[in-house]
file work.pdb (PDB, C-alpha atoms and all ligand atoms)
ATOM      1  CA  MET R   1     -42.542   1.742   3.285  1.00  0.00           C
ATOM      2  CA  THR R   2     -40.652  -1.223   1.902  1.00  0.00           C
ATOM      3  CA  LEU R   3     -38.898  -0.781  -1.425  1.00  0.00           C
ATOM      4  CA  PRO R   4     -39.257  -3.573  -3.972  1.00  0.00           C
ATOM      5  CA  LEU R   5     -36.134  -5.696  -4.023  1.00  0.00           C
ATOM      6  CA  ARG R   6     -34.393  -6.224  -7.323  1.00  0.00           C
ATOM      7  CA  LYS R   7     -32.833  -9.477  -8.345  1.00  0.00           C
ATOM      8  CA  PRO R   8     -29.378  -9.567  -6.735  1.00  0.00           C
ATOM      9  CA  SER R   9     -26.527  -8.786  -9.108  1.00  0.00           C
ATOM     10  CA  ALA R  10     -23.226 -10.583  -9.265  1.00  0.00           C
ATOM     11  CA  ALA R  11     -21.578  -7.372  -8.096  1.00  0.00           C
ATOM     12  CA  GLN R  12     -23.594  -7.162  -4.907  1.00  0.00           C
ATOM     13  CA  PRO R  13     -25.102 -10.231  -3.249  1.00  0.00           C
ATOM     14  CA  ALA R  14     -28.556 -10.353  -1.742  1.00  0.00           C
ATOM     15  CA  ALA R  15     -29.011  -8.323   1.389  1.00  0.00           C
ATOM     16  CA  ALA R  16     -29.419  -9.800   4.771  1.00  0.00           C
ATOM     17  CA  SER R  17     -31.931  -7.619   6.539  1.00  0.00           C
ATOM     18  CA  ASP R  18     -29.697  -7.419   9.588  1.00  0.00           C
ATOM     19  CA  PRO R  19     -27.202  -4.558   9.290  1.00  0.00           C
ATOM     20  CA  ARG R  20     -24.839  -6.516  11.562  1.00  0.00           C
ATOM     21  CA  THR R  21     -24.439  -9.197   8.911  1.00  0.00           C
ATOM     22  CA  TYR R  22     -24.818  -7.027   5.807  1.00  0.00           C
ATOM     23  CA  PHE R  23     -22.003  -4.583   6.624  1.00  0.00           C
ATOM     24  CA  SER R  24     -18.509  -5.302   7.889  1.00  0.00           C
ATOM     25  CA  ALA R  25     -17.665  -4.705  11.523  1.00  0.00           C
ATOM     26  CA  ALA R  26     -15.374  -1.834  10.481  1.00  0.00           C
ATOM     27  CA  THR R  27     -18.136  -0.086   8.552  1.00  0.00           C
ATOM     28  CA  LEU R  28     -20.617  -0.605  11.362  1.00  0.00           C
ATOM     29  CA  ALA R  29     -18.159   0.956  13.788  1.00  0.00           C
ATOM     30  CA  LYS R  30     -18.091   4.035  11.535  1.00  0.00           C
ATOM     31  CA  PHE R  31     -21.910   4.079  11.455  1.00  0.00           C
ATOM     32  CA  ASP R  32     -22.057   3.845  15.242  1.00  0.00           C
ATOM     33  CA  ALA R  33     -19.516   6.652  15.641  1.00  0.00           C
ATOM     34  CA  GLN R  34     -21.568   8.928  13.386  1.00  0.00           C
ATOM     35  CA  VAL R  35     -24.864   8.163  15.087  1.00  0.00           C
ATOM     36  CA  ALA R  36     -23.303   8.918  18.469  1.00  0.00           C
ATOM     37  CA  GLN R  37     -22.740  12.515  17.371  1.00  0.00           C
ATOM     38  CA  TYR R  38     -26.398  13.384  16.887  1.00  0.00           C
ATOM     39  CA  PRO R  39     -29.466  13.429  19.110  1.00  0.00           C
ATOM     40  CA  ASP R  40     -31.440  11.932  16.214  1.00  0.00           C
ATOM     41  CA  PRO R  41     -29.720   8.973  14.479  1.00  0.00           C
ATOM     42  CA  LYS R  42     -31.330   9.916  11.165  1.00  0.00           C
ATOM     43  CA  ALA R  43     -29.091  12.991  11.041  1.00  0.00           C
ATOM     44  CA  ALA R  44     -26.194  10.625  10.309  1.00  0.00           C
ATOM     45  CA  LEU R  45     -27.752   9.394   7.068  1.00  0.00           C
ATOM     46  CA  ILE R  46     -25.450  11.138   4.584  1.00  0.00           C
ATOM     47  CA  PRO R  47     -22.138  10.079   6.182  1.00  0.00           C
ATOM     48  CA  ILE R  48     -23.562   6.581   6.572  1.00  0.00           C
ATOM     49  CA  LEU R  49     -24.378   6.504   2.865  1.00  0.00           C
ATOM     50  CA  HIS R  50     -20.774   7.504   2.155  1.00  0.00           C
ATOM     51  CA  TYR R  51     -19.433   4.687   4.346  1.00  0.00           C
ATOM     52  CA  ALA R  52     -21.859   2.223   2.789  1.00  0.00           C
ATOM     53  CA  GLN R  53     -20.677   3.212  -0.677  1.00  0.00           C
ATOM     54  CA  GLU R  54     -17.049   2.861   0.379  1.00  0.00           C
ATOM     55  CA  GLU R  55     -17.752  -0.737   1.350  1.00  0.00           C
ATOM     56  CA  LYS R  56     -20.203  -1.816  -1.344  1.00  0.00           C
ATOM     57  CA  GLY R  57     -18.987   0.338  -4.232  1.00  0.00           C
ATOM     58  CA  TRP R  58     -22.471   1.662  -4.920  1.00  0.00           C
ATOM     59  CA  ILE R  59     -25.843   2.045  -3.203  1.00  0.00           C
ATOM     60  CA  SER R  60     -28.443  -0.530  -4.162  1.00  0.00           C
ATOM     61  CA  ARG R  61     -32.036  -0.651  -3.035  1.00  0.00           C
ATOM     62  CA  GLU R  62     -31.033  -3.480  -0.724  1.00  0.00           C
ATOM     63  CA  THR R  63     -28.401  -1.276   0.845  1.00  0.00           C
ATOM     64  CA  CYS R  64     -30.978   1.482   1.355  1.00  0.00           C
ATOM     65  CA  GLU R  65     -33.272  -0.983   3.091  1.00  0.00           C
ATOM     66  CA  VAL R  66     -30.553  -2.184   5.424  1.00  0.00           C
ATOM     67  CA  ILE R  67     -29.532   1.381   6.267  1.00  0.00           C
ATOM     68  CA  ALA R  68     -33.195   2.158   6.952  1.00  0.00           C
ATOM     69  CA  THR R  69     -33.326  -0.782   9.338  1.00  0.00           C
ATOM     70  CA  TYR R  70     -30.159   0.423  11.051  1.00  0.00           C
ATOM     71  CA  LEU R  71     -31.446   3.997  11.433  1.00  0.00           C
ATOM     72  CA  LYS R  72     -35.024   2.911  12.182  1.00  0.00           C
ATOM     73  CA  MET R  73     -36.461   5.082   9.422  1.00  0.00           C
ATOM     74  CA  PRO R  74     -38.522   4.413   6.293  1.00  0.00           C
ATOM     75  CA  ALA R  75     -36.526   2.999   3.386  1.00  0.00           C
ATOM     76  CA  ILE R  76     -38.130   5.497   1.023  1.00  0.00           C
ATOM     77  CA  ARG R  77     -36.534   8.365   2.974  1.00  0.00           C
ATOM     78  CA  VAL R  78     -33.109   6.781   2.577  1.00  0.00           C
ATOM     79  CA  TRP R  79     -33.803   6.291  -1.131  1.00  0.00           C
ATOM     80  CA  GLU R  80     -34.947   9.903  -1.569  1.00  0.00           C
ATOM     81  CA  VAL R  81     -31.797  11.312   0.017  1.00  0.00           C
ATOM     82  CA  MET R  82     -29.491   8.903  -1.802  1.00  0.00           C
ATOM     83  CA  THR R  83     -30.959   9.642  -5.225  1.00  0.00           C
ATOM     84  CA  PHE R  84     -30.853  13.420  -4.646  1.00  0.00           C
ATOM     85  CA  TYR R  85     -27.058  13.521  -4.505  1.00  0.00           C
ATOM     86  CA  PRO R  86     -25.112  12.547  -7.635  1.00  0.00           C
ATOM     87  CA  MET R  87     -22.075  11.406  -5.653  1.00  0.00           C
ATOM     88  CA  PHE R  88     -23.968   8.291  -4.630  1.00  0.00           C
ATOM     89  CA  HIS R  89     -23.785   5.678  -7.352  1.00  0.00           C
ATOM     90  CA  GLN R  90     -27.084   3.972  -8.106  1.00  0.00           C
ATOM     91  CA  GLU R  91     -25.430   1.237 -10.129  1.00  0.00           C
ATOM     92  CA  PRO R  92     -22.061  -0.552 -10.022  1.00  0.00           C
ATOM     93  CA  VAL R  93     -19.145   1.596 -11.141  1.00  0.00           C
ATOM     94  CA  GLY R  94     -15.587   0.937 -12.207  1.00  0.00           C
ATOM     95  CA  ARG R  95     -12.582   0.758  -9.914  1.00  0.00           C
ATOM     96  CA  HIS R  96     -11.923   4.373 -10.855  1.00  0.00           C
ATOM     97  CA  VAL R  97     -14.573   7.061 -11.304  1.00  0.00           C
ATOM     98  CA  ALA R  98     -13.855  10.212 -13.318  1.00  0.00           C
ATOM     99  CA  TRP R  99     -16.163  13.215 -12.989  1.00  0.00           C
ATOM    100  CA  VAL R 100     -15.607  15.642 -15.856  1.00  0.00           C
ATOM    101  CA  CYS R 101     -17.032  19.092 -15.141  1.00  0.00           C
ATOM    102  CA  ARG R 102     -19.389  20.229 -17.851  1.00  0.00           C
ATOM    103  CA  ASN R 103     -20.399  23.579 -16.403  1.00  0.00           C
ATOM    104  CA  ILE R 104     -19.878  26.928 -18.067  1.00  0.00           C
ATOM    105  CA  SER R 105     -16.192  27.669 -17.386  1.00  0.00           C
ATOM    106  CA  CYS R 106     -15.064  24.152 -18.224  1.00  0.00           C
ATOM    107  CA  ASP R 107     -17.414  24.002 -21.187  1.00  0.00           C
ATOM    108  CA  LEU R 108     -15.983  27.206 -22.645  1.00  0.00           C
ATOM    109  CA  ARG R 109     -12.463  25.892 -22.181  1.00  0.00           C
ATOM    110  CA  GLY R 110     -12.867  22.540 -23.859  1.00  0.00           C
ATOM    111  CA  ALA R 111     -14.765  20.097 -21.639  1.00  0.00           C
ATOM    112  CA  ASP R 112     -16.150  18.511 -24.804  1.00  0.00           C
ATOM    113  CA  GLU R 113     -12.634  17.647 -25.917  1.00  0.00           C
ATOM    114  CA  ILE R 114     -11.929  16.115 -22.526  1.00  0.00           C
ATOM    115  CA  VAL R 115     -15.012  13.926 -22.755  1.00  0.00           C
ATOM    116  CA  ALA R 116     -14.094  12.976 -26.323  1.00  0.00           C
ATOM    117  CA  THR R 117     -10.668  11.881 -25.115  1.00  0.00           C
ATOM    118  CA  PHE R 118     -12.277   9.302 -22.832  1.00  0.00           C
ATOM    119  CA  TYR R 119     -14.099   7.863 -25.832  1.00  0.00           C
ATOM    120  CA  LYS R 120     -10.979   7.879 -27.954  1.00  0.00           C
ATOM    121  CA  LYS R 121      -8.820   6.206 -25.277  1.00  0.00           C
ATOM    122  CA  CYS R 122     -11.317   3.964 -23.476  1.00  0.00           C
ATOM    123  CA  GLY R 123     -14.406   3.741 -25.686  1.00  0.00           C
ATOM    124  CA  ILE R 124     -16.736   5.138 -23.039  1.00  0.00           C
ATOM    125  CA  GLU R 125     -19.178   8.009 -23.021  1.00  0.00           C
ATOM    126  CA  PRO R 126     -20.619   9.744 -19.952  1.00  0.00           C
ATOM    127  CA  GLY R 127     -22.496   7.278 -17.774  1.00  0.00           C
ATOM    128  CA  GLU R 128     -20.582   4.283 -19.102  1.00  0.00           C
ATOM    129  CA  THR R 129     -18.002   1.925 -17.616  1.00  0.00           C
ATOM    130  CA  THR R 130     -15.217   0.201 -19.502  1.00  0.00           C
ATOM    131  CA  ALA R 131     -15.797  -3.483 -20.240  1.00  0.00           C
ATOM    132  CA  ASP R 132     -12.968  -4.468 -17.902  1.00  0.00           C
ATOM    133  CA  GLY R 133     -14.569  -2.587 -14.999  1.00  0.00           C
ATOM    134  CA  LYS R 134     -11.608  -0.272 -14.663  1.00  0.00           C
ATOM    135  CA  LEU R 135     -13.149   3.137 -15.256  1.00  0.00           C
ATOM    136  CA  THR R 136     -16.495   4.908 -15.133  1.00  0.00           C
ATOM    137  CA  LEU R 137     -17.012   8.331 -16.709  1.00  0.00           C
ATOM    138  CA  LYS R 138     -19.549  10.734 -15.267  1.00  0.00           C
ATOM    139  CA  LEU R 139     -20.379  14.373 -15.928  1.00  0.00           C
ATOM    140  CA  ALA R 140     -20.398  16.824 -13.038  1.00  0.00           C
ATOM    141  CA  GLU R 141     -21.805  20.257 -12.522  1.00  0.00           C
ATOM    142  CA  CYS R 142     -19.357  22.917 -11.315  1.00  0.00           C
ATOM    143  CA  LEU R 143     -16.799  21.336  -8.996  1.00  0.00           C
ATOM    144  CA  GLY R 144     -15.461  24.663  -7.770  1.00  0.00           C
ATOM    145  CA  GLY R 145     -12.256  24.556  -9.784  1.00  0.00           C
ATOM    146  CA  CYS R 146     -13.365  27.070 -12.430  1.00  0.00           C
ATOM    147  CA  ALA R 147     -10.120  29.049 -12.307  1.00  0.00           C
ATOM    148  CA  ALA R 148      -8.293  25.996 -13.627  1.00  0.00           C
ATOM    149  CA  ALA R 149     -10.863  24.911 -16.213  1.00  0.00           C
ATOM    150  CA  PRO R 150     -11.263  22.488 -17.776  1.00  0.00           C
ATOM    151  CA  MET R 151     -10.972  20.125 -14.868  1.00  0.00           C
ATOM    152  CA  MET R 152     -12.154  16.801 -13.512  1.00  0.00           C
ATOM    153  CA  ASP R 153     -12.185  14.747 -10.332  1.00  0.00           C
ATOM    154  CA  VAL R 154     -10.758  11.241 -10.495  1.00  0.00           C
ATOM    155  CA  ASP R 155     -11.224   9.168  -7.336  1.00  0.00           C
ATOM    156  CA  GLY R 156     -11.495  12.319  -5.248  1.00  0.00           C
ATOM    157  CA  ILE R 157      -8.421  14.071  -6.682  1.00  0.00           C
ATOM    158  CA  TYR R 158      -8.765  17.193  -8.810  1.00  0.00           C
ATOM    159  CA  HIS R 159      -6.937  17.386 -12.142  1.00  0.00           C
ATOM    160  CA  GLU R 160      -6.928  20.880 -13.583  1.00  0.00           C
ATOM    161  CA  ASN R 161      -6.039  22.817 -16.752  1.00  0.00           C
ATOM    162  CA  LEU R 162      -6.684  19.642 -18.681  1.00  0.00           C
ATOM    163  CA  THR R 163      -5.751  19.039 -22.273  1.00  0.00           C
ATOM    164  CA  PRO R 164      -6.522  15.953 -24.333  1.00  0.00           C
ATOM    165  CA  GLU R 165      -2.854  15.018 -23.990  1.00  0.00           C
ATOM    166  CA  SER R 166      -2.803  15.342 -20.195  1.00  0.00           C
ATOM    167  CA  VAL R 167      -5.988  13.286 -19.960  1.00  0.00           C
ATOM    168  CA  GLU R 168      -4.452  10.577 -22.126  1.00  0.00           C
ATOM    169  CA  ARG R 169      -1.416  10.439 -19.834  1.00  0.00           C
ATOM    170  CA  LEU R 170      -3.634  10.267 -16.768  1.00  0.00           C
ATOM    171  CA  LEU R 171      -5.724   7.467 -18.240  1.00  0.00           C
ATOM    172  CA  ASP R 172      -2.578   5.559 -19.186  1.00  0.00           C
ATOM    173  CA  GLY R 173      -1.510   5.732 -15.533  1.00  0.00           C
ATOM    174  CA  LEU R 174      -4.687   4.253 -14.044  1.00  0.00           C
ATOM    175  CA  LYS R 175      -4.211   0.684 -12.836  1.00  0.00           C
TER     176      LYS R 175
HETATM  177  S1  LIG U   1     -17.300  25.239 -14.289  1.00  0.00           S
HETATM  178 FE1  LIG U   1     -15.978  23.535 -14.109  1.00  0.00          FE
HETATM  179  S2  LIG U   1     -15.184  23.712 -12.099  1.00  0.00           S
HETATM  180 FE2  LIG U   1     -16.593  25.359 -12.252  1.00  0.00          FE
END

call {"tool": "encode", "arguments": {"input": "work.pdb", "output": "structure tokens", "more": "lines below"}}
Ligand code: FES
result
Amino acid sequence: MTLPLRKPSAAQPAAASDPRTYFSAATLAKFDAQVAQYPDPKAALIPILHYAQEEKGWISRETCEVIATYLKMPAIRVWEVMTFYPMFHQEPVGRHVAWVCRNISCDLRGADEIVATFYKKCGIEPGETTADGKLTLKLAECLGGCAAAPMMDVDGIYHENLTPESVERLLDGLK
């Protein structure tokens, strides 16, 4: 199945259908290394999506189609897997991405205040990106740091026992 292509955005130019021109040589080398580990290339889909997101910043429909071409599988299967996992961004995100945990332990210990601090400091609510493209705020389910609730993940680094003040300091330090 071929997914309908959306109008290319400024953030991500139109896809070439050839993976060898769409992705960088470095990213393709990572794809190839993953595929080499499995008897069925399709088993490498999730790590390939991670590498694709590292390069493109997010996963567009065009990117799914090119990955499908690379793995010789239907584009809809790539789309289904990509949209199942929240760590894959379906739209452009900021240079930094903050995931604030909203699950029970963090919620009981003030996750709402943490989210409110983002609005107070940066004017963004969950799902939004600052106008300057610096920061995207997302809500996460339990990130496994319950003992240090409330907590969040910023660019892959956990920040725990948060307070509005510590979040303000962290946001001030983001470049
Ligand atoms: S509930 Fe927030 S890390 Fe588990």

call {"tool": "residues_around", "arguments": {"input": "work.pdb", "residues": "R:Ala140", "least_positions_apart": "2", "cutoff": "12 Å", "atoms": "all atoms listed in the file", "output": "PyMOL selection string"}}
result
chain R and resi 85-87+97-104+106-107+111+115+126-127+137-138+142-145+150-154

call {"tool": "write_last_selection", "arguments": {"input": "work.pdb", "atoms": "C-alpha atoms", "output": "PDB file, keeping the file's coordinate frame"}}
result
ATOM      1  CA  TYR R  85     -27.058  13.521  -4.505  1.00  0.00           C
ATOM      2  CA  PRO R  86     -25.112  12.547  -7.635  1.00  0.00           C
ATOM      3  CA  MET R  87     -22.075  11.406  -5.653  1.00  0.00           C
ATOM      4  CA  VAL R  97     -14.573   7.061 -11.304  1.00  0.00           C
ATOM      5  CA  ALA R  98     -13.855  10.212 -13.318  1.00  0.00           C
ATOM      6  CA  TRP R  99     -16.163  13.215 -12.989  1.00  0.00           C
ATOM      7  CA  VAL R 100     -15.607  15.642 -15.856  1.00  0.00           C
ATOM      8  CA  CYS R 101     -17.032  19.092 -15.141  1.00  0.00           C
ATOM      9  CA  ARG R 102     -19.389  20.229 -17.851  1.00  0.00           C
ATOM     10  CA  ASN R 103     -20.399  23.579 -16.403  1.00  0.00           C
ATOM     11  CA  ILE R 104     -19.878  26.928 -18.067  1.00  0.00           C
ATOM     12  CA  CYS R 106     -15.064  24.152 -18.224  1.00  0.00           C
ATOM     13  CA  ASP R 107     -17.414  24.002 -21.187  1.00  0.00           C
ATOM     14  CA  ALA R 111     -14.765  20.097 -21.639  1.00  0.00           C
ATOM     15  CA  VAL R 115     -15.012  13.926 -22.755  1.00  0.00           C
ATOM     16  CA  PRO R 126     -20.619   9.744 -19.952  1.00  0.00           C
ATOM     17  CA  GLY R 127     -22.496   7.278 -17.774  1.00  0.00           C
ATOM     18  CA  LEU R 137     -17.012   8.331 -16.709  1.00  0.00           C
ATOM     19  CA  LYS R 138     -19.549  10.734 -15.267  1.00  0.00           C
ATOM     20  CA  CYS R 142     -19.357  22.917 -11.315  1.00  0.00           C
ATOM     21  CA  LEU R 143     -16.799  21.336  -8.996  1.00  0.00           C
ATOM     22  CA  GLY R 144     -15.461  24.663  -7.770  1.00  0.00           C
ATOM     23  CA  GLY R 145     -12.256  24.556  -9.784  1.00  0.00           C
ATOM     24  CA  PRO R 150     -11.263  22.488 -17.776  1.00  0.00           C
ATOM     25  CA  MET R 151     -10.972  20.125 -14.868  1.00  0.00           C
ATOM     26  CA  MET R 152     -12.154  16.801 -13.512  1.00  0.00           C
ATOM     27  CA  ASP R 153     -12.185  14.747 -10.332  1.00  0.00           C
ATOM     28  CA  VAL R 154     -10.758  11.241 -10.495  1.00  0.00           C
TER      29      VAL R 154
END

call {"tool": "resolve_selection", "arguments": {"input": "work.pdb", "expression": "the PyMOL selection byres (((chain R and resi 118) around 12) and not hetatm)", "output": "number ranges by chain"}}
result
R: 97-100, 111-117, 119-130, 135-139, 152, 163-172

call {"tool": "resolve_selection", "arguments": {"input": "work.pdb", "expression": "the PyMOL selection byres (((chain R and resi 48-56) around 10) and not hetatm)", "output": "ChimeraX atom specification"}}
result
/R:11-13,22-24,26-28,30-35,42-47,57-60,63-64,67,71,78,81-82,87-90,92

call {"tool": "axis_aligned_box", "arguments": {"input": "work.pdb", "around": "ligand LIG 1 (chain U)", "padding_each_side": "5 Å", "output": "AutoDock Vina command-line options"}}
result
--center_x -16.2 --center_y 24.4 --center_z -13.2 --size_x 12.1 --size_y 11.8 --size_z 12.2

call {"tool": "closest_residue", "arguments": {"input": "work.pdb", "among": "R:Gly94, R:Pro41, R:Gly173, R:Gly133", "to": "R:Thr69", "atoms": "only C-alpha atoms"}}
result
R:Pro41

call {"tool": "closest_residue", "arguments": {"input": "work.pdb", "among": "R:Arg77, R:Arg20, R:Lys72, R:His159", "to": "ligand LIG 1 (chain U)", "atoms": "only C-alpha atoms and all ligand atoms"}}
result
R:His159

call {"tool": "closest_residue", "arguments": {"input": "work.pdb", "among": "R:Thr83, R:Ser105, R:Asn161, R:Thr21", "to": "ligand LIG 1 (chain U)", "atoms": "all atoms listed in the file"}}
result
R:Ser105

call {"tool": "closest_residue", "arguments": {"input": "work.pdb", "among": "R:Ala131, R:Ser17, R:Ala36, R:Glu62", "to": "R:Trp79", "atoms": "all atoms listed in the file"}}
result
R:Glu62

call {"tool": "atom_distance", "arguments": {"input": "work.pdb", "atom1": "atom CA of R:Cys146", "atom2": "atom CA of R:Leu108"}}
result
10.5 Å

call {"tool": "closest_residue", "arguments": {"input": "work.pdb", "among": "R:Val93, R:Val66, R:Ala75, R:Ala147", "to": "ligand LIG 1 (chain U)", "atoms": "all atoms listed in the file"}}
result
R:Ala147

call {"tool": "closest_residue", "arguments": {"input": "work.pdb", "among": "R:Asp132, R:Leu174, R:Tyr38, R:Arg109", "to": "ligand LIG 1 (chain U)", "atoms": "only C-alpha atoms and all ligand atoms"}}
result
R:Arg109

call {"tool": "decode", "arguments": {"input": "work.pdb", "residues": "stretch 62-94 of chain R", "atoms": "C-alpha atoms", "output": "compact mmCIF listing (two decimals), in the first residue's frame"}}
result
# COMPACT_ATOMS: atom_id res chain seq x y z
CA GLU R 62 7.53 10.42 3.26
CA THR R 63 10.10 9.01 5.63
CA CYS R 64 7.88 5.99 6.29
CA GLU R 65 7.61 5.39 2.56
CA VAL R 66 11.34 5.56 2.04
CA ILE R 67 11.97 3.20 4.96
CA ALA R 68 9.39 0.83 3.48
CA THR R 69 11.27 0.91 0.19
CA TYR R 70 14.54 0.22 2.01
CA LEU R 71 13.09 -2.71 3.98
CA LYS R 72 10.96 -3.96 1.07
CA MET R 73 7.78 -3.92 3.14
CA PRO R 74 4.43 -2.15 2.85
CA ALA R 75 4.50 1.50 3.90
CA ILE R 76 1.37 1.00 5.98
CA ARG R 77 3.24 -1.47 8.21
CA VAL R 78 5.96 1.10 8.84
CA TRP R 79 3.29 3.70 9.60
CA GLU R 80 1.46 1.36 11.99
CA VAL R 81 4.60 0.63 14.01
CA MET R 82 5.75 4.25 14.01
CA THR R 83 2.42 5.60 15.22
CA PHE R 84 2.14 2.95 17.96
CA TYR R 85 5.15 4.27 19.86
CA PRO R 86 4.97 7.78 21.32
CA MET R 87 8.74 8.28 21.15
CA PHE R 88 8.47 8.73 17.40
CA HIS R 89 7.46 12.27 16.56
CA GLN R 90 4.77 12.55 13.91
CA GLU R 91 5.35 16.25 13.42
CA PRO R 92 8.37 18.57 13.66
CA VAL R 93 9.57 19.18 17.21
CA GLY R 94 11.82 21.70 18.89
